[in-house]
Each structure stands twice: as C-alpha cells, then as structure tokens.
$ cat protein.txt   # compact mmCIF, C-alpha atoms
# COMPACT_ATOMS: atom_id res chain seq x y z
CA MET A 1 101.67 176.84 179.70
CA SER A 2 97.98 177.50 180.24
CA TYR A 3 97.76 175.86 183.65
CA GLY A 4 99.97 174.13 186.22
CA LEU A 5 103.04 175.26 188.12
CA ASN A 6 106.39 176.61 186.95
CA VAL A 7 109.21 177.20 189.42
CA TYR A 8 112.08 179.32 188.11
CA ARG A 9 115.74 179.60 189.11
CA SER A 10 117.20 182.96 190.08
CA SER A 11 118.71 183.09 186.60
CA GLY A 12 115.22 183.04 185.13
CA ALA A 13 115.66 179.52 183.82
CA LEU A 14 112.83 177.09 184.45
CA GLY A 15 113.80 174.86 187.36
CA PHE A 16 110.81 172.58 187.69
CA SER A 17 107.38 172.36 186.21
CA SER A 18 104.19 170.44 186.71
CA ALA A 19 104.71 169.24 183.15
CA ASP A 20 107.82 167.36 184.29
CA VAL A 21 108.14 163.73 185.33
CA THR A 22 110.33 162.41 188.10
CA TRP A 23 110.85 159.59 190.56
CA ASN A 24 110.60 160.44 194.24
CA GLN A 25 112.74 158.65 196.77
CA VAL A 26 110.69 156.97 199.47
CA ASP A 27 113.58 155.26 201.17
CA SER A 28 117.20 154.26 200.75
CA PHE A 29 118.66 151.49 202.85
CA GLN A 30 121.42 148.91 202.88
CA VAL A 31 120.84 145.15 202.85
CA ASN A 32 123.89 143.01 203.51
CA GLY A 33 124.60 139.66 201.95
CA GLY A 34 122.62 136.90 203.64
CA ALA A 35 120.25 139.37 205.29
CA SER A 36 116.60 140.05 204.51
CA VAL A 37 114.56 143.21 205.02
CA SER A 38 110.87 143.94 204.69
CA ASN A 39 109.58 147.51 204.96
CA THR A 40 106.08 148.90 204.58
CA TYR A 41 105.39 152.41 203.25
CA SER A 42 101.85 153.75 203.34
CA VAL A 43 102.82 156.42 200.81
CA LEU A 44 103.06 153.75 198.11
CA SER A 45 99.30 153.27 198.02
CA ASN A 46 97.96 153.65 194.51
CA ARG A 47 101.32 154.83 193.22
CA THR A 48 103.73 153.51 190.61
CA VAL A 49 106.69 152.01 192.43
CA LEU A 50 110.22 151.33 191.22
CA THR A 51 112.96 149.63 193.20
CA VAL A 52 116.62 149.91 192.34
CA GLN A 53 119.44 147.76 193.62
CA MET A 54 123.04 149.01 193.59
CA MET A 55 125.86 146.74 194.66
CA ILE A 56 128.23 148.33 197.16
CA ASP A 57 131.30 146.50 195.87
CA PRO A 58 131.77 145.40 192.26
CA PRO A 59 130.83 141.75 191.86
CA SER A 60 133.86 139.53 192.33
CA THR A 61 135.19 137.51 189.44
CA SER A 62 136.19 134.71 191.79
CA VAL A 63 132.87 133.95 193.52
CA LYS A 64 129.24 133.88 192.55
CA SER A 65 127.87 137.33 193.41
CA ILE A 66 124.15 136.81 193.76
CA ALA A 67 121.95 139.89 193.78
CA HIS A 68 119.03 140.18 196.18
CA THR A 69 115.51 139.51 195.04
CA VAL A 70 113.41 142.64 195.53
CA SER A 71 109.65 142.23 195.50
CA GLN A 72 106.59 144.33 196.19
CA SER A 73 103.36 143.19 197.77
CA GLY A 74 100.94 146.01 198.33
CA ASN A 75 102.81 148.68 200.26
CA THR A 76 105.54 146.29 201.41
CA ILE A 77 108.96 146.01 199.81
CA SER A 78 110.88 142.83 200.59
CA VAL A 79 114.55 142.19 199.92
CA SER A 80 116.28 138.83 200.41
CA GLY A 81 118.28 136.04 198.87
CA GLY A 82 121.49 137.80 197.88
CA ASN A 83 125.01 137.20 199.09
CA GLN A 84 126.24 140.73 198.37
CA ASN A 85 125.90 143.99 200.30
CA THR A 86 123.64 146.33 198.36
CA HIS A 87 121.85 149.66 198.49
CA ILE A 88 118.14 149.51 197.84
CA LEU A 89 116.27 152.58 196.60
CA VAL A 90 112.50 152.69 196.78
CA LEU A 91 111.12 155.20 194.30
CA MET A 92 107.55 156.22 193.51
CA GLN A 93 105.64 158.60 191.30
CA MET B 1 97.63 161.89 202.31
CA SER B 2 95.66 163.83 204.92
CA TYR B 3 98.01 166.78 205.30
CA GLY B 4 101.19 168.19 203.81
CA PHE B 5 101.94 169.07 200.20
CA GLU B 6 101.61 167.01 197.07
CA ALA B 7 101.91 168.05 193.43
CA THR B 8 101.06 165.71 190.60
CA ASN B 9 101.43 166.07 186.85
CA ASN B 10 98.59 165.65 184.42
CA ASN B 11 99.18 161.89 184.35
CA ASN B 12 98.51 161.86 188.10
CA LYS B 13 102.16 160.97 188.78
CA VAL B 14 103.65 162.50 191.89
CA LEU B 15 106.11 165.33 191.28
CA ILE B 16 106.58 166.60 194.80
CA SER B 17 105.39 165.17 198.09
CA SER B 18 106.15 166.19 201.63
CA GLU B 19 106.21 162.46 202.45
CA THR B 20 108.99 161.57 200.01
CA ARG B 21 112.25 163.14 198.87
CA ASN B 22 112.94 164.43 195.38
CA LEU B 23 116.41 163.78 194.03
CA HIS B 24 118.50 166.89 193.37
CA PHE B 25 121.65 167.47 191.34
CA LEU B 26 124.84 167.22 193.37
CA GLY B 27 127.36 167.52 190.56
CA LYS B 28 128.89 166.27 187.36
CA PHE B 29 132.09 164.26 187.60
CA SER B 30 134.19 163.81 184.47
CA SER B 31 137.66 162.68 185.46
CA PRO B 32 137.55 159.12 186.70
CA SER B 33 140.53 157.01 187.55
CA VAL B 34 140.90 153.63 185.87
CA SER B 35 140.72 151.13 188.73
CA ASN B 36 140.69 147.92 186.70
CA SER B 37 140.97 146.87 183.10
CA ALA B 38 141.48 143.90 180.78
CA SER B 39 141.91 143.54 177.05
CA ALA B 40 140.85 139.98 176.28
CA TYR B 41 137.67 139.31 174.33
CA GLY B 42 136.75 142.93 173.74
CA GLY B 43 138.11 144.09 177.06
CA PHE B 44 136.74 146.48 179.64
CA LYS B 45 137.63 149.32 181.93
CA GLU B 46 136.43 149.93 185.45
CA LEU B 47 136.25 153.64 186.22
CA SER B 48 136.18 155.08 189.73
CA TYR B 49 134.58 158.42 190.56
CA THR B 50 135.05 159.95 194.01
CA VAL B 51 132.08 161.91 195.31
CA THR B 52 131.57 163.76 198.59
CA CYS B 53 128.04 163.75 199.99
CA THR B 54 126.19 163.15 203.22
CA VAL B 55 123.49 160.84 201.88
CA THR B 56 123.45 157.91 199.48
CA PRO B 57 124.24 159.12 195.94
CA VAL B 58 122.17 158.02 192.97
CA PRO B 59 124.46 158.05 189.92
CA PHE B 60 123.53 158.59 186.28
CA PHE B 61 125.99 158.42 183.40
CA ASP B 62 126.12 159.54 179.80
CA MET B 63 127.28 157.23 177.03
CA PRO B 64 129.86 159.00 174.87
CA THR B 65 130.49 155.95 172.65
CA ASN B 66 128.53 152.97 171.35
CA ASP B 67 130.04 150.70 174.00
CA TYR B 68 128.20 149.05 176.88
CA TYR B 69 128.13 150.74 180.29
CA GLY B 70 126.89 149.93 183.79
CA ILE B 71 127.29 150.94 187.42
CA VAL B 72 128.90 148.16 189.45
CA GLY B 73 129.59 149.70 192.85
CA VAL B 74 128.48 152.55 195.11
CA LYS B 75 130.51 152.54 198.30
CA ASN B 76 130.85 154.85 201.27
CA THR B 77 134.59 154.49 201.82
CA THR B 78 135.04 156.88 204.73
CA GLY B 79 133.12 159.77 206.27
CA ASN B 80 131.23 161.52 203.47
CA THR B 81 133.43 160.08 200.72
CA TRP B 82 131.85 157.73 198.23
CA VAL B 83 133.49 155.85 195.38
CA ILE B 84 131.20 155.04 192.49
CA LYS B 85 132.46 152.43 190.05
CA LEU B 86 131.29 152.10 186.48
CA ILE B 87 132.39 149.67 183.81
CA ARG B 88 132.52 150.15 180.08
CA SER B 89 133.24 147.63 177.35
CA GLY B 90 136.29 148.03 175.17
CA THR B 91 139.67 149.54 175.83
CA GLY B 92 138.97 153.06 174.55
CA THR B 93 139.93 156.11 176.56
CA THR B 94 136.70 158.08 176.16
CA TYR B 95 135.00 157.99 179.51
CA PRO B 96 131.47 158.94 180.54
CA SER B 97 130.59 161.78 182.85
CA LEU B 98 128.83 160.85 186.04
CA TYR B 99 125.79 162.92 187.10
CA VAL B 100 125.09 162.41 190.78
CA PHE B 101 121.74 163.06 192.42
CA VAL B 102 120.93 162.98 196.11
CA ASP B 103 118.01 164.04 198.23
CA ALA B 104 117.83 167.72 199.13
CA ARG B 105 119.63 167.26 202.44
CA GLY B 106 122.82 166.44 200.57
CA VAL B 107 122.94 169.51 198.31
CA SER B 108 123.68 173.11 199.20
CA SER B 109 122.56 176.15 197.24
CA THR B 110 123.49 179.81 197.34
CA GLU B 111 120.33 180.96 195.58
CA SER B 112 118.12 183.08 197.81
CA TYR B 113 114.66 182.33 196.52
CA GLY B 114 112.64 179.50 195.06
CA MET B 115 110.28 176.92 196.52
CA GLN B 116 110.93 174.47 199.32
CA VAL B 117 108.75 171.67 200.59
CA LEU B 118 109.64 170.33 204.02
CA GLN B 119 108.98 167.00 205.64
CA ASN B 120 107.41 166.85 209.09
CA ASP B 121 110.89 166.72 210.64
CA GLY B 122 111.77 170.06 209.03
CA SER B 123 114.20 168.61 206.50
CA ALA B 124 113.81 169.50 202.85
CA SER B 125 111.80 167.18 200.65
CA PHE B 126 112.03 169.42 197.59
CA ASP B 127 114.08 172.53 196.87
CA SER B 128 113.72 174.22 193.49
CA ARG B 129 117.11 175.90 193.93
CA LYS B 130 118.91 172.56 193.87
CA GLU B 131 118.06 171.36 190.35
CA PRO B 132 115.55 168.58 191.04
CA LEU B 133 115.82 165.46 188.91
CA VAL B 134 113.56 165.39 185.88
CA ILE B 135 113.35 162.18 183.91
CA THR B 136 112.59 161.87 180.24
CA GLY B 137 111.98 158.16 180.00
CA GLY B 138 112.82 154.73 181.20
CA ALA B 139 112.72 151.07 180.44
CA ALA B 140 113.28 147.65 181.91
CA VAL B 141 115.95 145.51 180.30
CA THR B 142 116.72 141.81 180.55
CA HIS B 143 120.03 140.41 179.43
CA PRO B 144 120.22 137.44 177.08
CA SER B 145 121.17 134.31 178.96
CA ASN B 146 124.10 133.48 176.69
CA PRO B 147 126.63 136.13 175.62
CA LEU B 148 127.85 134.00 172.70
CA SER B 149 125.99 133.16 169.53
CA SER B 150 128.25 130.26 168.52
CA SER B 151 129.88 127.31 170.21
CA ILE B 152 133.59 127.55 170.85
CA THR B 153 135.56 125.16 168.66
CA GLY B 154 139.07 124.26 167.58
CA LEU B 155 141.19 125.51 170.47
CA SER B 156 144.33 123.76 171.61
CA GLU B 157 144.07 121.00 174.19
CA GLU B 158 147.63 121.44 175.43
CA GLN B 159 148.37 123.79 178.30
CA CYS B 160 146.05 126.57 177.13
CA SER B 161 148.34 127.31 174.24
CA SER B 162 145.55 129.03 172.25
CA GLY B 163 145.79 131.81 174.85
CA SER B 164 143.24 134.62 174.78
CA SER B 165 144.05 135.94 171.35
CA HIS B 166 141.16 134.06 169.76
CA SER B 167 137.87 135.92 169.53
CA GLN B 168 135.47 133.09 170.26
CA HIS B 169 134.78 134.37 173.77
CA THR B 170 134.02 137.90 172.57
CA PRO B 171 130.36 138.57 173.45
CA ASP B 172 128.13 139.06 170.42
CA VAL B 173 124.59 138.67 171.74
CA GLU B 174 122.40 141.45 173.09
CA SER B 175 118.73 141.95 173.85
CA SER B 176 116.32 143.26 171.29
CA ALA B 177 115.87 147.02 171.19
CA VAL B 178 114.08 148.58 174.16
CA SER B 179 112.59 152.02 173.57
CA ILE B 180 113.40 154.78 176.03
CA GLY B 181 111.24 157.43 174.41
CA SER B 182 112.53 160.71 173.05
CA VAL B 183 115.95 161.78 174.30
CA SER B 184 117.94 164.98 174.52
CA SER B 185 121.30 165.53 172.88
CA THR B 186 122.92 164.18 176.06
CA PRO B 187 120.72 161.57 177.67
CA ILE B 188 121.87 160.28 181.04
CA PHE B 189 121.12 156.85 182.42
CA HIS B 190 120.81 155.17 185.77
CA TYR B 191 121.43 151.46 185.34
CA SER B 192 122.99 149.01 187.79
CA SER B 193 124.93 146.13 186.34
CA LEU B 194 123.79 143.07 188.27
CA ALA B 195 123.68 140.29 185.67
CA GLN B 196 126.71 138.05 185.38
CA THR B 197 127.57 135.12 183.20
CA GLN B 198 130.47 132.80 182.49
CA ARG B 199 131.17 130.66 179.48
CA GLN B 200 133.80 127.96 179.20
CA ALA B 201 134.83 125.33 176.68
CA GLU B 202 136.90 122.23 177.40
CA PHE B 203 139.25 120.60 174.92
CA GLU B 204 140.91 117.24 175.64
CA VAL B 205 143.23 114.90 173.78
CA SER B 206 144.81 111.58 174.79
CA THR B 207 147.89 110.04 173.23
CA SER B 208 149.74 106.79 173.97
CA PHE B 209 152.60 104.74 172.61
CA CYS B 210 154.25 101.41 173.39
CA VAL B 211 157.85 100.25 172.81
CA GLY B 212 157.45 96.50 172.90
CA LEU B 213 154.41 94.35 172.31
CA VAL B 214 150.74 95.14 172.77
CA LEU B 215 148.98 92.10 174.17
CA TYR B 216 145.30 92.17 175.08
CA ASN B 217 145.39 95.98 174.89
CA LYS B 218 148.28 96.14 177.39
CA CYS B 219 151.81 97.31 176.68
CA VAL B 220 154.51 94.73 177.36
CA GLY B 221 157.70 96.82 177.47
CA TYR B 222 157.86 100.61 177.91
CA GLY B 223 154.53 102.41 177.53
CA ASP B 224 153.39 105.96 178.01
CA SER B 225 150.00 107.65 177.83
CA GLU B 226 149.21 111.36 178.22
CA THR B 227 145.91 113.22 178.51
CA ASN B 228 145.89 116.99 178.01
CA THR B 229 142.88 119.09 178.93
CA SER B 230 142.45 122.86 178.53
CA THR B 231 139.36 124.74 179.67
CA TYR B 232 139.08 128.25 178.24
CA TRP B 233 136.72 130.61 180.05
CA ALA B 234 135.51 134.20 180.21
CA PHE B 235 133.45 136.10 182.77
CA TYR B 236 131.00 138.82 181.81
CA ARG B 237 128.86 141.49 183.48
CA GLY B 238 125.80 143.17 182.11
CA GLY B 239 125.90 146.52 180.34
CA ILE B 240 123.66 148.70 178.24
CA ARG B 241 124.34 150.66 175.09
CA ARG B 242 122.23 153.27 173.36
CA SER B 243 121.34 153.63 169.73
CA GLY B 244 118.99 156.51 169.00
CA THR B 245 115.95 156.14 171.22
CA ASN B 246 116.66 152.51 172.07
CA VAL B 247 118.85 150.75 174.57
CA PHE B 248 120.21 147.23 174.26
CA ALA B 249 121.28 144.96 177.11
CA GLY B 250 124.49 143.10 176.37
CA TRP B 251 127.64 141.84 178.01
CA ILE B 252 131.00 143.26 179.03
CA THR B 253 133.96 140.88 179.33
CA VAL B 254 135.67 141.56 182.64
CA ASP B 255 137.96 138.56 182.98
CA GLY B 256 139.18 135.58 181.03
CA GLY B 257 141.56 132.74 181.48
CA CYS B 258 142.27 129.08 181.00
CA PHE B 259 142.55 126.04 183.26
CA TRP B 260 144.67 123.13 182.12
CA SER B 261 145.75 119.72 183.30
CA SER B 262 148.19 117.16 181.91
CA GLU B 263 148.18 113.61 183.16
CA ASP B 264 151.10 111.45 182.17
CA ALA B 265 151.18 107.73 182.99
CA SER B 266 154.24 105.64 182.14
CA ASN B 267 155.02 102.01 182.88
CA PHE B 268 157.84 99.59 182.26
CA PHE B 269 156.78 95.94 182.22
CA PHE B 270 153.65 96.95 184.22
CA ILE B 271 155.70 98.91 186.82
CA ASN B 272 154.60 102.56 187.14
CA ALA B 273 157.46 104.69 185.90
CA GLY B 274 156.03 108.12 186.80
CA GLY B 275 153.68 110.77 185.43
CA GLY B 276 152.60 114.38 186.02
CA SER B 277 149.90 117.01 185.93
CA GLY B 278 149.63 120.76 186.15
CA THR B 279 147.05 123.52 186.41
CA GLY B 280 146.77 127.11 185.37
CA GLY B 281 144.03 129.75 185.69
CA ASN B 282 140.75 129.59 187.53
CA PHE B 283 137.09 130.41 186.90
CA PRO B 284 134.27 131.49 189.19
CA LEU B 285 131.17 130.06 187.52
CA SER B 286 130.60 127.21 185.09
CA ASN B 287 128.51 128.06 182.04
CA GLU B 288 126.01 129.86 184.23
CA THR B 289 124.12 133.12 184.06
CA ILE B 290 122.89 134.74 187.26
CA ASN B 291 120.98 137.85 188.32
CA LEU B 292 118.91 137.87 185.15
CA ALA B 293 115.94 139.65 186.68
CA SER B 294 114.64 142.63 184.76
CA THR B 295 116.66 145.76 185.57
CA ALA B 296 115.40 149.34 185.49
CA VAL B 297 116.94 151.96 183.24
CA ILE B 298 116.02 155.54 184.20
CA VAL B 299 116.73 158.22 181.62
CA GLY B 300 117.24 161.93 182.22
CA ASP B 301 118.40 164.95 180.26
CA GLY B 302 122.06 165.70 180.86
CA THR B 303 121.82 169.12 179.23
CA ARG B 304 119.81 170.33 182.25
CA TYR B 305 122.67 169.47 184.57
CA ALA B 306 125.83 170.82 182.95
$ encode --input "protein.txt" --output "structure tokens"
Amino acid sequence: MSYGLNVYRSSGALGFSSADVTWNQVDSFQVNGGASVSNTYSVLSNRTVLTVQMMIDPPSTSVKSIAHTVSQSGNTISVSGGNQNTHILVLMQ
Amino acid sequence: MSYGFEATNNNNKVLISSETRNLHFLGKFSSPSVSNSASAYGGFKELSYTVTCTVTPVPFFDMPTNDYYGIVGVKNTTGNTWVIKLIRSGTGTTYPSLYVFVDARGVSSTESYGMQVLQNDGSASFDSRKEPLVITGGAAVTHPSNPLSSSITGLSEEQCSSGSSHSQHTPDVESSAVSIGSVSSTPIFHYSSLAQTQRQAEFEVSTSFCVGLVLYNKCVGYGDSETNTSTYWAFYRGGIRRSGTNVFAGWITVDGGCFWSSEDASNFFFINAGGGSGTGGNFPLSNETINLASTAVIVGDGTRYA
C-alpha cells in the first residue's frame, strides 16, 4: 500500500488495514416482548447505520411471534411493536 | 468527535473509533447438537451451538451446502453460557460452522504487541491482537410473501388421510438474486431469521343417504349425513442460500400438520339418532406471512478466522 495504516499480528500476518471495511458496534441491548425502547447516540451523526435484531428464543410454531419494528430518526433508534424478547445491535461505519 | 481516536477508510467509513466497539473474533464452533428437526415438506434441522463469553455474541455462519440457513435464537442460558440456534433446510447431516464475534472486552489474547484503542472508561474499543471483524459485503433481503408457487389441490377430505407425504407444501418460491459482492472461498454470513409464514388448505366433502322416503327434501325413515373436513398446513421460517456472489431469501419448513373434523348427523323419523366429530393437529397462523421487513445480511471472509 502507498498510504494508510496496516496493523500486523505477531506472526507477521496482516491483522487490520485502513483498506478494510467493518461495522462498529455502537450499542447492544435487549428489548422484551411488549416493551419499547428509544435510544439516542450522537456518534451516529453523518454515519451509515445498520440495526440488527436477533430473537432470544426461536420463534414458536404455536403462536404468532412478531418481531419488533426498528426505526431510525436522526441519531435516535426506536424499537417497539414486537411480542418476542430480542437483542438489538446498533452498528455504524 | 472532539477528542479520542478515529480511523476511516478511503470511503470515509469508520474503521476504528474510541466511541464505538469493533467486533473481534471469539472462536469458530463446528460441532452443534441437533435440538429440533422435522422431515415433512423438505424438512429442517435446528442446530444448537454453546458459546462461552461475557458479552452478547454476534454469530456468523458459513453455508456448506445449497440449503437455506438462518439464525433463530441467541440466548444467555446461565452465567457466561450462550446457546446460539441456527436452522437449515433439509435433513442432511452437513452442518455449518459458527464464527462468533464479540466486542474486545469478551476476547482474550496472548499476543504481546499490536494496537489498542481504549474508550474513555479504559475498556478496549479495538485490539489488533484479537482478530477484528472485517466484512467483504452485505445486502438486504426480503422474503417472498408466499412460499408456494401453486395452489394445493386434490388432498383427502377424510381425517387427514393424505398425511404429509405429498409435496404440495414444500416451499418453492424465493426472492430474486441479491448481490453480495465478491466473496472468499469461505464466505460467512450474519443473518437473523425473523420472517414467518403459514399456508393451509381445507378440503371438505358431505355425504348423505336415506332409507325410506324423501319428502320435501326431508328423510322419512332412517337418514344419515356426514361432513368431513381436513385442513392441511405447514409453518415456515425465513432462510437464505448462496449461489456464487448472490444470496436468495426463501423458506424453511419447520412444522406441518393437519386439522380434521367429522360431523355425523343421523335421524330416525325426525328423531336425532346421534352423530360425532373429531379433531387432530393444530396450526399457529392462518395463511399469513409476518415479519417481512427487509433483513440485513452481513458477509465476511471465513478464511481469516480459521
């Protein structure tokens, strides 16, 4: 590379580089079924944001397992409307 | 940011920030236990991976076959023990490896040099010794609203006697191809299976006979009428499969069954002489599809994390 940053492992292998791409975790939190959460993160300003929802228990085959609706407005992430307990990851790059 | 450390790549995307936490490689898990399975309509297996970590794990998986895969559960069962559940379509015995990433607080390293970035509480935001997550691509997928391309026809009305050996509930619809960019020889995927759908088909037949006379559409003598109804159903969850540099969002059959009823009405010279009904099976939804919102697929390079 002609410019940028390379960080090597002790083995000499390249560990991380400014030519790489990643998602950084801003927050990880749990939202239970029937609950709603709204969090604001100033670090999201002018950044690409991705939210990921992971159910804690596999959806039941005997009841309707409704996922939460996750939305972004500015720097605020809102989660609501589900009847299942879930993990929410807020990622940015 | 007014202070701290931030590194961006040449697309101005953040690589490292002292205000966030990079994900780092905790380990590769390749020997799941089969915690649930079924064989009807293509079948499925639910695989459980046990992981020990102090913070919430973010699982990725490889796809060793052309089947559909998805993560359905990430649960802290006790202490630092987590059970991550993944489903795959089909009844094959080739199982994916799980690649688990966590923030730097959850990974230890014995290497003595490298680069660390700390948050203002002194905890690690980034640690080059702990194999930070690098992604190679991603996509957003949306599942088709109906897993079946054809209507279900011709099944028996009587006490679910067509069983589940027919293939009419086998899912055969998937999304169009979604590009994930160039991939390594072992791409790994983070994808949560949230979408669910159910499809059912009802078949009914009525029969009647009269020993005696039929007057004004009424039986004078001994009469009997019977109505048989069978409702065949299957329940599906979302999954993705890979072909080359594309992924497709489709459906994995996780349950199937049949509900039936039989109503028998007899009379003798207009006196009710008995009847009967019965049920079998159950179903959770009725021709519905839920959780169809677009779902993220994050793609990494599994060869970096052997």
$ interface_residues --input "protein.txt" --of "chain A" --to "chain B" --cutoff "9 Å" --atoms "all atoms listed in the file" --output "ChimeraX atom specification"
/A:4,7-10,15-29,43,47-48,50-69,86-87,89,91-93
$ atom_distance --input "protein.txt" --atom1 "atom CA of B:Trp251" --atom2 "atom CA of B:Val173"
7.7 Å
$ axis_aligned_box --input "protein.txt" --around "stretch 88-104 of chain B" --padding-each-side "6 Å" --output "JSON"
{"center_x": 128.9, "center_y": 157.7, "center_z": 186.8, "size_x": 34.1, "size_y": 32.1, "size_z": 36.6}
$ build_atoms --input "protein.txt" --residues "stretch 190-202 of chain B" --atoms "N, CA and C atoms" --output "short mmCIF file (atom, residue, chain, number, x, y, z; two decimals), in the frame of the given file"
data_model
loop_
_atom_site.label_atom_id
_atom_site.label_comp_id
_atom_site.auth_asym_id
_atom_site.auth_seq_id
_atom_site.Cartn_x
_atom_site.Cartn_y
_atom_site.Cartn_z
N HIS B 190 120.50 155.92 184.56
CA HIS B 190 120.81 155.17 185.77
C HIS B 190 120.53 153.71 185.45
N TYR B 191 121.56 152.90 185.61
CA TYR B 191 121.43 151.46 185.34
C TYR B 191 122.49 150.75 186.18
N SER B 192 122.06 149.79 186.98
CA SER B 192 122.99 149.01 187.79
C SER B 192 123.28 147.69 187.10
N SER B 193 124.53 147.39 186.94
CA SER B 193 124.93 146.13 186.34
C SER B 193 124.90 145.04 187.39
N LEU B 194 123.92 144.18 187.32
CA LEU B 194 123.79 143.07 188.27
C LEU B 194 124.01 141.71 187.61
N ALA B 195 123.60 141.58 186.36
CA ALA B 195 123.68 140.29 185.67
C ALA B 195 125.13 139.88 185.46
N GLN B 196 125.37 138.60 185.60
CA GLN B 196 126.71 138.05 185.38
C GLN B 196 126.58 136.71 184.66
N THR B 197 127.57 136.42 183.87
CA THR B 197 127.57 135.12 183.20
C THR B 197 128.99 134.67 182.94
N GLN B 198 129.16 133.38 182.79
CA GLN B 198 130.47 132.80 182.49
C GLN B 198 130.28 131.76 181.41
N ARG B 199 131.20 131.70 180.50
CA ARG B 199 131.17 130.66 179.48
C ARG B 199 132.54 130.01 179.38
N GLN B 200 132.55 128.69 179.28
CA GLN B 200 133.80 127.96 179.20
C GLN B 200 133.68 126.85 178.17
N ALA B 201 134.81 126.43 177.65
CA ALA B 201 134.83 125.33 176.68
C ALA B 201 136.06 124.48 176.97
N GLU B 202 135.82 123.16 177.05
CA GLU B 202 136.90 122.23 177.40
C GLU B 202 137.36 121.46 176.16
#
